[in-house]
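> Structure incoming, see below.
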Amino acid sequence: MRVTTPVQGKESNWLSTGGMGLGILVCLLLFGAVISRMGLLNGLVNRGETAVSTQHNTLTYTTKAMRFGQTELRVQAGQEITLQLENYDTYAHSFDIDELNLHIQMPANNQVTTQFTTPEPGTYTIYCSVPGHREAGMIATLVVEP
Ligand SMILES: [Cu+2]
C-alpha cells in the first residue's frame, strides 16, 4: 500500500498534467486560428480601403538640354500624385515649387520618384533651383484645375 499509493498518485498526477497540457495546447490552437483569421480579415479590409481611397496618378516629367520636357503640367486638385522625374542631362537639376515646399534634387542621368497631394486650384511656378538654370529657361507652370 505504501508502495503503490505514491505510484498511483504519480500516475494520476501525470495524467492530469497531460490532460491540462492538452487543454492548453487546444486553447492555443484555437486562439491561433482566431488570431490568424482576424489578421486575414484585417488584411482584406485594409486592402479594400486602400483600393477605394487611392486615386493614384503617375506623371513623368523630364529634363533635357537645360529644359523641362513640358512648360505646363496640368493636374486636378486634391489628388495624390506620383511624380517620376527623369533627368537626361549630364549635370544635376532640381524640381522646385516654392508654394508646395517641393524641392526635389534630380541627379545627373538619373530618375527619382516623389509623391505629393495637389493643392487648391491655381497656377504654381515650377523651376530648377540650380544657380543660373531658372534664368536659362528652366521654368514651367503647374496648373491645378478644380
Ligand atoms: Cu537645372
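Labels for the C-alpha cells follow display order: chains A, B, ..., residues from 1 in each chain, ligands from 1.
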May I have the residues within 12 Å of Gly132 (chain A) as a ChimeraX atom specification, using only C-alpha atoms and disregarding those fewer than 6 positions away in the same chain?
/A:66,93,138-139
> Using only C-alpha atoms and all ligand atoms, find each residue in chain A having at least one atom no more than 8 Å away from ligand 1; report its shortest atom-to-atom pair and that distance in Å (one decimal), rows by chain then rising number, as JSON lines.

```
{"residue": "A:Thr63", "atom": "CA", "partner": "ligand 1", "partner_atom_place_in_ligand_line": "1 (Cu)", "distance": 7.8}
{"residue": "A:Met66", "atom": "CA", "partner": "ligand 1", "partner_atom_place_in_ligand_line": "1 (Cu)", "distance": 6.0}
{"residue": "A:Arg67", "atom": "CA", "partner": "ligand 1", "partner_atom_place_in_ligand_line": "1 (Cu)", "distance": 7.5}
{"residue": "A:Tyr91", "atom": "CA", "partner": "ligand 1", "partner_atom_place_in_ligand_line": "1 (Cu)", "distance": 8.0}
{"residue": "A:Ala92", "atom": "CA", "partner": "ligand 1", "partner_atom_place_in_ligand_line": "1 (Cu)", "distance": 6.3}
{"residue": "A:His93", "atom": "CA", "partner": "ligand 1", "partner_atom_place_in_ligand_line": "1 (Cu)", "distance": 3.6}
{"residue": "A:Ser94", "atom": "CA", "partner": "ligand 1", "partner_atom_place_in_ligand_line": "1 (Cu)", "distance": 5.7}
{"residue": "A:Tyr127", "atom": "CA", "partner": "ligand 1", "partner_atom_place_in_ligand_line": "1 (Cu)", "distance": 7.9}
{"residue": "A:Cys128", "atom": "CA", "partner": "ligand 1", "partner_atom_place_in_ligand_line": "1 (Cu)", "distance": 4.6}
{"residue": "A:Ser129", "atom": "CA", "partner": "ligand 1", "partner_atom_place_in_ligand_line": "1 (Cu)", "distance": 6.5}
{"residue": "A:Val130", "atom": "CA", "partner": "ligand 1", "partner_atom_place_in_ligand_line": "1 (Cu)", "distance": 5.2}
{"residue": "A:Pro131", "atom": "CA", "partner": "ligand 1", "partner_atom_place_in_ligand_line": "1 (Cu)", "distance": 7.9}
{"residue": "A:Gly132", "atom": "CA", "partner": "ligand 1", "partner_atom_place_in_ligand_line": "1 (Cu)", "distance": 7.9}
{"residue": "A:His133", "atom": "CA", "partner": "ligand 1", "partner_atom_place_in_ligand_line": "1 (Cu)", "distance": 4.7}
{"residue": "A:Arg134", "atom": "CA", "partner": "ligand 1", "partner_atom_place_in_ligand_line": "1 (Cu)", "distance": 7.0}
{"residue": "A:Met138", "atom": "CA", "partner": "ligand 1", "partner_atom_place_in_ligand_line": "1 (Cu)", "distance": 6.2}
```
> Kindly save the residues from that selection, with N, CA and C atoms included, as a short mmCIF file (atom, residue, chain, number, x, y, z; two decimals), in the first residue's frame.

```
data_model
loop_
_atom_site.label_atom_id
_atom_site.label_comp_id
_atom_site.auth_asym_id
_atom_site.auth_seq_id
_atom_site.Cartn_x
_atom_site.Cartn_y
_atom_site.Cartn_z
N THR A 63 13.78 66.33 -67.80
CA THR A 63 14.64 67.48 -68.09
C THR A 63 15.69 67.01 -69.10
N MET A 66 18.93 71.42 -70.56
CA MET A 66 18.62 72.62 -69.79
C MET A 66 17.18 73.10 -69.97
N ARG A 67 16.26 72.14 -70.21
CA ARG A 67 14.84 72.46 -70.38
C ARG A 67 13.99 71.44 -69.65
N TYR A 91 24.32 66.73 -66.07
CA TYR A 91 24.50 67.54 -64.86
C TYR A 91 23.18 67.57 -64.09
N ALA A 92 23.26 67.93 -62.83
CA ALA A 92 22.10 67.85 -61.95
C ALA A 92 21.11 68.99 -62.19
N HIS A 93 19.85 68.70 -61.95
CA HIS A 93 18.80 69.71 -61.94
C HIS A 93 18.00 69.55 -60.65
N SER A 94 16.93 70.32 -60.56
CA SER A 94 16.02 70.12 -59.44
C SER A 94 14.62 70.51 -59.87
N TYR A 127 10.33 75.47 -61.12
CA TYR A 127 11.62 75.93 -61.62
C TYR A 127 12.73 75.03 -61.13
N CYS A 128 13.90 75.22 -61.71
CA CYS A 128 15.10 74.50 -61.28
C CYS A 128 15.94 75.47 -60.46
N SER A 129 16.28 75.06 -59.24
CA SER A 129 16.98 75.98 -58.34
C SER A 129 18.50 75.91 -58.44
N VAL A 130 19.02 75.14 -59.39
CA VAL A 130 20.47 75.14 -59.61
C VAL A 130 20.83 76.53 -60.13
N PRO A 131 21.83 77.19 -59.56
CA PRO A 131 22.15 78.57 -59.95
C PRO A 131 22.27 78.75 -61.47
N GLY A 132 21.53 79.72 -61.98
CA GLY A 132 21.59 80.04 -63.41
C GLY A 132 20.60 79.29 -64.27
N HIS A 133 20.05 78.19 -63.79
CA HIS A 133 19.18 77.35 -64.62
C HIS A 133 17.81 77.97 -64.86
N ARG A 134 17.27 78.59 -63.81
CA ARG A 134 15.95 79.23 -63.98
C ARG A 134 16.06 80.34 -65.03
N MET A 138 14.79 77.21 -67.32
CA MET A 138 14.20 76.06 -66.63
C MET A 138 13.08 76.53 -65.69
#
```
> I want to know what sits within 9 Å of Phe95 (chain A), based on only C-alpha atoms, with residues of the same chain fewer than 4 positions away left out; could you give that as a short mmCIF file (atom, residue, chain, number, x, y, z; two decimals) with N, CA and C atoms, in the first residue's frame?

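File result-v5.cif, as written:
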```cif
data_model
loop_
_atom_site.label_atom_id
_atom_site.label_comp_id
_atom_site.auth_asym_id
_atom_site.auth_seq_id
_atom_site.Cartn_x
_atom_site.Cartn_y
_atom_site.Cartn_z
N LEU A 85 10.57 61.89 -61.92
CA LEU A 85 11.43 62.91 -62.52
C LEU A 85 12.62 62.25 -63.18
N LEU A 102 8.05 71.98 -52.29
CA LEU A 102 8.62 70.84 -53.01
C LEU A 102 9.99 71.24 -53.56
N HIS A 103 11.00 70.54 -53.12
CA HIS A 103 12.36 70.83 -53.59
C HIS A 103 13.05 69.48 -53.80
N ILE A 104 12.95 68.97 -55.01
CA ILE A 104 13.44 67.63 -55.31
C ILE A 104 14.72 67.71 -56.14
N GLN A 105 15.75 67.06 -55.65
CA GLN A 105 17.01 67.02 -56.39
C GLN A 105 16.90 66.01 -57.53
N MET A 106 17.44 66.38 -58.67
CA MET A 106 17.44 65.47 -59.82
C MET A 106 18.89 65.21 -60.24
N ILE A 126 6.96 76.19 -61.41
CA ILE A 126 7.94 75.11 -61.31
C ILE A 126 9.26 75.68 -61.82
N TYR A 127 10.33 75.47 -61.12
CA TYR A 127 11.62 75.93 -61.62
C TYR A 127 12.73 75.03 -61.13
N CYS A 128 13.90 75.22 -61.71
CA CYS A 128 15.10 74.50 -61.28
C CYS A 128 15.94 75.47 -60.46
N SER A 129 16.28 75.06 -59.24
CA SER A 129 16.98 75.98 -58.34
C SER A 129 18.50 75.91 -58.44
#
```
> Could you state the separation of CA of Phe68 (chain A) and CA of Thr90 (chain A) in Å, given to one decimal place?
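Atom-to-atom, CA of Phe68 (chain A) and CA of Thr90 (chain A) are spaced 14.4 Å apart.
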